[in-house]
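Text of protein_24.cif, listed as mmCIF, C-alpha atoms:
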```cif
data_final
#
loop_
_atom_site.label_atom_id
_atom_site.label_comp_id
_atom_site.auth_asym_id
_atom_site.auth_seq_id
_atom_site.Cartn_x
_atom_site.Cartn_y
_atom_site.Cartn_z
CA MET A 1 0.00 0.00 0.00
CA THR A 2 0.96 3.61 -0.55
CA ARG A 3 1.90 5.23 2.80
CA TYR A 4 -0.22 2.68 4.63
CA PHE A 5 0.53 3.84 8.18
CA ASP A 6 -0.27 7.45 7.20
CA THR A 7 -3.61 6.74 5.48
CA ILE A 8 -5.51 4.40 7.83
CA PRO A 9 -8.84 6.15 8.53
CA HIS A 10 -9.39 6.63 12.26
CA SER A 11 -13.16 6.08 12.22
CA GLU A 12 -12.94 2.73 10.43
CA LEU A 13 -9.97 1.64 12.50
CA MET A 14 -11.79 2.37 15.75
CA LYS A 15 -14.71 0.22 14.56
CA CYS A 16 -12.27 -2.67 14.21
CA VAL A 17 -10.83 -1.98 17.65
CA ALA A 18 -14.30 -1.67 19.24
CA ARG A 19 -15.20 -5.16 18.04
CA ARG A 20 -12.44 -6.52 20.27
CA ILE A 21 -12.32 -4.02 23.15
CA VAL A 22 -15.37 -2.90 25.13
CA ASP A 23 -13.60 -0.95 27.88
CA LYS A 24 -14.43 2.73 27.28
CA ASN A 25 -11.27 3.96 28.98
CA ALA A 26 -9.08 1.79 26.76
CA LEU A 27 -10.90 2.97 23.63
CA HIS A 28 -10.54 6.60 24.72
CA LEU A 29 -6.82 6.08 25.31
CA ILE A 30 -6.37 4.64 21.80
CA LYS A 31 -8.24 7.62 20.32
CA LEU A 32 -5.90 9.98 22.15
CA TRP A 33 -2.96 7.98 20.83
CA LEU A 34 -4.18 8.40 17.25
CA LYS A 35 -4.52 12.15 17.75
CA SER A 36 -1.11 12.65 19.30
CA PRO A 37 1.18 15.05 17.34
CA VAL A 38 4.39 13.61 15.93
CA GLU A 39 7.53 15.61 15.21
CA GLU A 40 9.87 14.26 12.55
CA LYS A 41 13.01 15.45 10.79
CA ASP A 42 13.73 15.06 7.10
CA GLY A 43 17.11 14.27 5.57
CA SER A 44 18.24 17.89 5.87
CA GLY A 45 17.27 18.08 9.55
CA LYS A 46 14.18 20.21 8.95
CA ARG A 47 11.36 19.55 11.42
CA ARG A 48 7.92 18.40 10.28
CA MET A 49 4.79 18.02 12.40
CA SER A 50 2.07 15.45 11.68
CA GLY A 51 -0.97 14.14 13.50
CA GLY A 52 -2.71 16.27 16.09
CA LYS A 53 -6.32 16.81 17.15
CA LYS A 54 -7.54 17.59 13.64
CA SER A 55 -5.99 14.44 12.17
CA THR A 56 -8.48 11.88 10.78
CA ARG A 57 -6.02 9.43 9.24
CA GLY A 58 -2.84 7.58 10.09
CA VAL A 59 -1.22 5.93 13.08
CA PRO A 60 1.94 7.45 14.61
CA GLN A 61 4.93 5.76 12.99
CA GLY A 62 7.33 4.57 15.67
CA GLY A 63 4.55 4.26 18.26
CA VAL A 64 4.66 0.99 20.18
CA ILE A 65 0.99 0.22 19.45
CA SER A 66 1.00 1.38 15.81
CA PRO A 67 2.05 -1.96 14.26
CA LEU A 68 -0.70 -3.72 16.21
CA LEU A 69 -3.34 -1.24 15.01
CA ALA A 70 -2.03 -1.47 11.43
CA ASN A 71 -2.24 -5.27 11.50
CA LEU A 72 -5.72 -5.08 12.96
CA TYR A 73 -6.96 -2.89 10.12
CA ILE A 74 -5.40 -4.92 7.30
CA ASN A 75 -7.01 -8.01 8.85
CA ARG A 76 -10.31 -6.50 7.72
CA PHE A 77 -9.23 -7.09 4.13
CA LEU A 78 -7.98 -10.62 4.85
CA LYS A 79 -11.20 -11.52 6.65
CA TYR A 80 -13.29 -10.26 3.72
CA TRP A 81 -11.12 -12.36 1.39
CA ARG A 82 -12.01 -15.46 3.40
CA GLU A 83 -15.70 -14.63 3.89
CA THR A 84 -16.29 -14.05 0.16
CA ASP A 85 -14.35 -17.22 -0.70
CA ARG A 86 -11.92 -15.47 -3.04
CA ARG A 87 -9.71 -18.54 -2.86
CA ARG A 88 -12.21 -20.53 -4.89
CA ALA A 89 -13.32 -17.60 -7.06
CA TYR A 90 -9.79 -16.81 -8.26
CA TRP A 91 -8.14 -20.19 -7.66
CA ALA A 92 -5.85 -18.28 -5.38
CA ARG A 93 -4.14 -18.10 -2.02
CA ILE A 94 -3.00 -14.97 -0.22
CA VAL A 95 0.20 -14.70 1.82
CA SER A 96 0.57 -11.62 4.00
CA PHE A 97 2.93 -10.02 6.48
CA ALA A 98 1.89 -6.69 8.03
CA ASP A 99 0.81 -4.51 5.07
CA ASP A 100 2.71 -6.56 2.48
CA PHE A 101 0.94 -9.40 0.72
CA VAL A 102 1.12 -11.59 -2.38
CA ILE A 103 -1.82 -13.23 -4.11
CA LEU A 104 -0.93 -16.52 -5.78
CA SER A 105 -3.49 -17.21 -8.50
CA ASN A 106 -3.78 -19.96 -11.07
CA GLY A 107 -4.74 -17.99 -14.17
CA ARG A 108 -7.00 -15.31 -12.63
CA ALA A 109 -4.49 -12.78 -11.37
CA GLU A 110 -6.02 -9.79 -13.19
CA GLU A 111 -9.45 -10.45 -11.68
CA ALA A 112 -7.91 -10.83 -8.21
CA LEU A 113 -6.02 -7.55 -8.63
CA GLU A 114 -9.11 -5.60 -9.68
CA TRP A 115 -11.11 -7.01 -6.75
CA THR A 116 -8.29 -6.14 -4.33
CA ARG A 117 -8.01 -2.60 -5.69
CA SER A 118 -11.76 -1.99 -5.28
CA VAL A 119 -11.76 -3.35 -1.70
CA MET A 120 -8.79 -1.18 -0.77
CA GLU A 121 -10.57 1.91 -2.10
CA ARG A 122 -13.59 1.11 0.06
CA MET A 123 -11.27 0.77 3.06
CA GLY A 124 -9.82 4.21 2.37
CA LEU A 125 -6.48 2.78 1.25
CA GLU A 126 -4.51 2.83 -1.98
CA LEU A 127 -2.33 0.16 -3.54
CA ASN A 128 1.24 1.14 -4.30
CA GLU A 129 1.09 0.97 -8.09
CA GLU A 130 4.88 0.93 -8.42
CA LYS A 131 5.14 -2.26 -6.38
CA THR A 132 1.84 -3.83 -7.46
CA VAL A 133 2.56 -6.02 -10.48
CA ILE A 134 1.44 -9.28 -12.02
CA ARG A 135 4.16 -11.84 -12.54
CA ASN A 136 4.14 -15.25 -14.22
CA ALA A 137 6.23 -17.18 -11.71
CA ARG A 138 7.16 -19.80 -14.33
CA LYS A 139 8.76 -17.14 -16.51
CA GLU A 140 9.52 -14.20 -14.21
CA GLN A 141 10.77 -13.56 -10.69
CA PHE A 142 9.44 -11.36 -7.90
CA ASP A 143 10.65 -10.30 -4.46
CA PHE A 144 8.69 -10.68 -1.24
CA LEU A 145 9.88 -10.34 2.36
CA GLY A 146 13.54 -10.45 1.40
CA TYR A 147 13.27 -13.51 -0.87
CA THR A 148 13.25 -13.80 -4.66
CA PHE A 149 10.65 -16.26 -5.96
CA GLY A 150 10.46 -17.80 -9.41
CA MET A 151 12.25 -20.26 -11.63
CA VAL A 152 15.61 -21.51 -10.41
CA TRP A 153 18.16 -23.15 -12.71
CA PHE A 154 20.14 -26.10 -11.36
CA LYS A 155 23.54 -25.61 -12.99
CA LYS A 156 24.72 -29.21 -12.70
CA ASP A 157 22.10 -30.69 -15.01
CA GLY A 158 20.33 -27.60 -16.39
CA SER A 159 16.98 -28.49 -14.86
CA ARG A 160 14.54 -25.82 -13.69
CA TYR A 161 12.16 -25.66 -10.76
CA LEU A 162 10.06 -23.14 -8.87
CA GLY A 163 11.96 -21.99 -5.82
CA ALA A 164 13.05 -19.19 -3.54
CA SER A 165 16.38 -17.65 -2.58
CA PRO A 166 17.63 -14.60 -0.65
CA SER A 167 17.14 -11.52 -2.83
CA LYS A 168 20.02 -9.37 -4.05
CA LYS A 169 18.72 -6.50 -1.91
CA SER A 170 18.78 -8.70 1.21
CA ILE A 171 22.36 -9.71 0.49
CA ALA A 172 23.37 -6.09 -0.08
CA ARG A 173 21.70 -5.02 3.18
CA VAL A 174 23.47 -7.60 5.34
CA LYS A 175 26.81 -6.73 3.72
CA LYS A 176 26.21 -3.07 4.56
CA LYS A 177 25.30 -3.95 8.15
CA VAL A 178 28.48 -6.01 8.51
CA GLN A 179 30.49 -3.07 7.16
CA LYS A 180 28.86 -0.80 9.74
CA GLN A 181 29.78 -3.21 12.55
CA LEU A 182 33.42 -3.26 11.42
CA ARG A 183 34.22 0.40 10.93
CA PRO A 184 38.00 1.07 11.03
CA GLY A 185 37.68 3.51 13.95
CA GLU A 186 35.80 1.05 16.15
CA LYS A 187 37.46 0.98 19.61
CA ARG A 188 35.45 -1.70 21.40
CA PRO A 189 37.22 -4.95 22.44
CA TRP A 190 37.19 -7.67 19.79
CA PRO A 191 35.04 -10.12 21.85
CA GLU A 192 32.28 -7.49 22.07
CA ILE A 193 32.52 -6.66 18.37
CA CYS A 194 32.49 -10.34 17.48
CA LYS A 195 29.46 -10.99 19.69
CA ARG A 196 27.40 -8.27 17.98
CA LEU A 197 28.56 -9.36 14.55
CA ASN A 198 27.61 -12.97 15.27
CA ALA A 199 24.15 -11.93 16.47
CA LEU A 200 23.62 -10.20 13.12
CA LEU A 201 24.91 -13.16 11.11
CA ARG A 202 22.93 -15.76 13.07
CA GLY A 203 19.72 -13.79 12.66
CA TRP A 204 20.25 -13.39 8.92
CA SER A 205 21.21 -17.04 8.51
CA ALA A 206 18.17 -18.27 10.43
CA TYR A 207 15.74 -16.17 8.41
CA PHE A 208 17.23 -17.03 5.02
CA SER A 209 17.57 -20.77 5.59
CA HIS A 210 14.79 -21.76 3.19
CA GLY A 211 14.92 -22.56 -0.49
CA THR A 212 18.06 -22.34 -2.64
CA THR A 213 20.58 -20.78 -0.27
CA GLN A 214 24.09 -21.89 -1.24
CA PRO A 215 24.95 -19.14 -3.79
CA ALA A 216 23.76 -16.36 -1.45
CA PHE A 217 25.56 -17.74 1.58
CA ARG A 218 28.81 -18.04 -0.38
CA VAL A 219 28.60 -14.36 -1.30
CA VAL A 220 27.89 -13.36 2.31
CA GLU A 221 30.67 -15.59 3.64
CA ARG A 222 33.24 -14.05 1.30
CA SER A 223 32.09 -10.55 2.16
CA VAL A 224 32.21 -11.21 5.92
CA TYR A 225 35.70 -12.68 5.68
CA GLU A 226 36.99 -9.73 3.65
CA ARG A 227 35.51 -7.20 6.07
CA VAL A 228 36.81 -8.97 9.17
CA ARG A 229 40.26 -9.42 7.67
CA LEU A 230 40.56 -5.76 6.65
CA PHE A 231 39.28 -4.67 10.06
CA LEU A 232 41.88 -6.79 11.86
CA VAL A 233 44.66 -5.65 9.52
CA HIS A 234 43.82 -2.03 10.31
CA ARG A 235 43.47 -2.65 14.04
CA HIS A 236 46.75 -4.56 14.37
CA LYS A 237 48.60 -2.33 11.88
CA VAL A 238 49.62 -5.25 9.68
CA ARG A 239 51.74 -4.17 6.73
CA SER A 240 50.11 -6.52 4.26
CA ARG A 241 46.68 -7.68 3.16
CA GLY A 242 46.64 -10.01 6.17
CA ILE A 243 45.74 -13.15 4.22
CA ALA A 244 48.53 -15.18 5.82
CA ARG A 245 47.98 -13.86 9.33
CA PHE A 246 44.17 -13.94 9.19
CA PRO A 247 43.12 -16.80 6.87
CA SER A 248 39.45 -17.69 6.69
CA GLU A 249 40.04 -20.79 8.84
CA ARG A 250 41.30 -18.58 11.67
CA VAL A 251 38.62 -15.91 11.25
CA PHE A 252 35.79 -18.46 11.41
CA GLY A 253 37.63 -20.57 13.97
CA GLU A 254 39.98 -19.08 16.53
CA MET A 255 38.64 -15.52 16.05
CA GLY A 256 35.12 -16.77 16.77
CA VAL A 257 33.23 -15.26 13.82
CA PHE A 258 30.04 -17.14 12.99
CA LEU A 259 30.27 -18.89 9.63
CA PRO A 260 27.15 -17.94 7.64
CA ARG A 261 25.28 -21.18 6.99
CA PRO A 262 21.58 -22.08 6.76
CA ILE A 263 20.13 -22.79 10.21
CA ARG A 264 17.45 -25.47 10.03
CA ALA A 265 14.72 -25.77 12.63
CA ASN A 266 16.29 -28.84 14.23
CA ARG A 267 19.82 -27.46 14.24
CA CYS A 268 21.23 -26.03 17.46
CA VAL A 269 23.59 -23.05 17.36
CA PRO A 270 26.04 -22.71 20.28
#
```

Mind turning this structure into structure tokens?
Amino acid sequence: MTRYFDTIPHSELMKCVARRIVDKNALHLIKLWLKSPVEEKDGSGKRRMSGGKKSTRGVPQGGVISPLLANLYINRFLKYWRETDRRRAYWARIVSFADDFVILSNGRAEEALEWTRSVMERMGLELNEEKTVIRNARKEQFDFLGYTFGMVWFKKDGSRYLGASPSKKSIARVKKKVQKQLRPGEKRPWPEICKRLNALLRGWSAYFSHGTTQPAFRVVERSVYERVRLFLVHRHKVRSRGIARFPSERVFGEMGVFLPRPIRANRCVP
């Protein structure tokens, strides 16, 4: 959706809340929360005010209850999907997370899209037309929740199959986060740095442990090794590239850096 958090209508949202909460004091508190002014700063540091008593739309971004209210309102759409049996009508299934969702349809995607667009309009919302597209998963790929879905080619025998793998954007993001953890001027002790780095790598590895993972994990592993090696070379003032002093076996062994690998549900991580 386009600016979903900013466009949720208060009146309709409160109807959803009132179906679950009957305590008048709690409802009044939520109304006050929705009307609270929010001060933000743009990229240049200029202040911008939003919300306030006259506001009729939006939930305060960054508010602790805002994600809950946003999920509650989008559930209205999901419930209507089930009640009108769209699954049978469009030979489709819907997969959602917060305000992101994908409709998987067997040949009736255009009908499903038009129905979804009309329902969103009635809810006072608007689909993000830049991100809303129809894809033939047997010929094209699409990204959802950090994964790329579509046809995967098995290089060994040239066979193809429908699968999922970590998206290029997800790989780029984790590489950037690793770089941020290993800034040359970082003064913290290595055990503390390593602990935070490992928490990042374990979390990423656990989330992206489904589908075709080997190519992505190889890229991340190489990037992590390069970053750690350069960080250690700079910290210890080594007059070389540090390959001999800090080989990958030592970095992922003695130095204690977590080796990025898929973490299955039944696999324990020390």

ask   = Which neighbours of stretch 84-86 of chain A fall inside 10 Å, counting all atoms listed in the file, when residues of the same chain fewer than 6 positions from it are skipped, and could you give them as a VMD selection string?
value = chain A and resid 92 to 94 112 115

What is the atom CA of A:Arg250 to atom CA of A:Tyr225 distance in Å?
->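 Going from atom CA of A:Arg250 over to atom CA of A:Tyr225 covers 10.1 Å.
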
Picked residues, the PyMOL selection byres ((chain A and resi 151-161) around 7), as a ChimeraX atom specification
/A:137-139,141,150,162-163

Check which residues satisfy the PyMOL selection byres ((chain A and resi 22-36) around 6) in the file shown, then give them as a short mmCIF file (atom, residue, chain, number, x, y, z; two decimals) with C-alpha atoms, in the coordinates of the input.
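The resulting file, result_23.cif, is reproduced below:
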```cif
data_model
loop_
_atom_site.label_atom_id
_atom_site.label_comp_id
_atom_site.auth_asym_id
_atom_site.auth_seq_id
_atom_site.Cartn_x
_atom_site.Cartn_y
_atom_site.Cartn_z
CA ILE A 21 -12.32 -4.02 23.15
CA PRO A 37 1.18 15.05 17.34
CA GLY A 51 -0.97 14.14 13.50
CA GLY A 52 -2.71 16.27 16.09
CA LYS A 53 -6.32 16.81 17.15
CA VAL A 59 -1.22 5.93 13.08
#
```

Interatomic distance (Å, one decimal) between atom CA of A:Lys15 and atom CA of A:Val119 =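 Going from atom CA of A:Lys15 over to atom CA of A:Val119, I get 16.9 Å.
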
Evaluating the PyMOL selection byres ((chain A and resi 216-220) around 8) on the displayed file yields which residues, as a PDB file with C-alpha atoms, in the frame of the given file?
```pdb
ATOM      1  CA  SER A 165      16.380 -17.650  -2.580  1.00  0.00           C
ATOM      2  CA  PRO A 166      17.630 -14.600  -0.650  1.00  0.00           C
ATOM      3  CA  ILE A 171      22.360  -9.710   0.490  1.00  0.00           C
ATOM      4  CA  VAL A 174      23.470  -7.600   5.340  1.00  0.00           C
ATOM      5  CA  LYS A 175      26.810  -6.730   3.720  1.00  0.00           C
ATOM      6  CA  THR A 213      20.580 -20.780  -0.270  1.00  0.00           C
ATOM      7  CA  GLN A 214      24.090 -21.890  -1.240  1.00  0.00           C
ATOM      8  CA  PRO A 215      24.950 -19.140  -3.790  1.00  0.00           C
ATOM      9  CA  GLU A 221      30.670 -15.590   3.640  1.00  0.00           C
ATOM     10  CA  ARG A 222      33.240 -14.050   1.300  1.00  0.00           C
ATOM     11  CA  SER A 223      32.090 -10.550   2.160  1.00  0.00           C
ATOM     12  CA  VAL A 224      32.210 -11.210   5.920  1.00  0.00           C
ATOM     13  CA  PRO A 260      27.150 -17.940   7.640  1.00  0.00           C
ATOM     14  CA  ARG A 261      25.280 -21.180   6.990  1.00  0.00           C
ATOM     15  CA  PRO A 262      21.580 -22.080   6.760  1.00  0.00           C
TER      16      PRO A 262
END
```

Nearest to A:Glu40, restricted to only C-alpha atoms and choosing among A:Arg202, A:Gln181, A:Pro247, A:Gln61, comes out as A:Gln61

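By only C-alpha atoms, and with residues fewer than 4 positions from stretch 133-135 of chain A along its chain excluded, the set lying at most 12 Å from it is Phe101, Val102, Ile103, Leu104, Ser105, Asn106, Gly107, Arg108, Ala109, Glu110, Glu111, Ala112, Leu113, Glu114, Leu127, Asn128, Glu129, Lys139, Glu140, Gln141, Phe142, Asp143, Phe149, Gly150 and Met151 of chain A.
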
From the list A:Phe5, A:Arg57, A:Thr132, A:Met120, the nearest residue to A:Ala98 using all atoms listed in the file is A:Phe5

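Considering the residues A:Leu78, A:Val228, A:Ile65, A:Ala89 and counting all atoms listed in the file, A:Val251 has its shortest atom-to-atom contact with A:Val228.
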
- Task: Considering only C-alpha atoms, state which residue in the set A:Leu201, A:Val233, A:Ala164, A:Met123 is at the smallest distance from A:Ile74.
- Result: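 When distances to A:Ile74 are compared using only C-alpha atoms, the smallest one comes from A:Met123.
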
* To do: Calculate how many Å separate atom CA of A:Arg229 from atom CA of A:Leu197, rounding to one decimal.
  =>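 Computed distance, atom CA of A:Arg229 to atom CA of A:Leu197, equals 13.6 Å.
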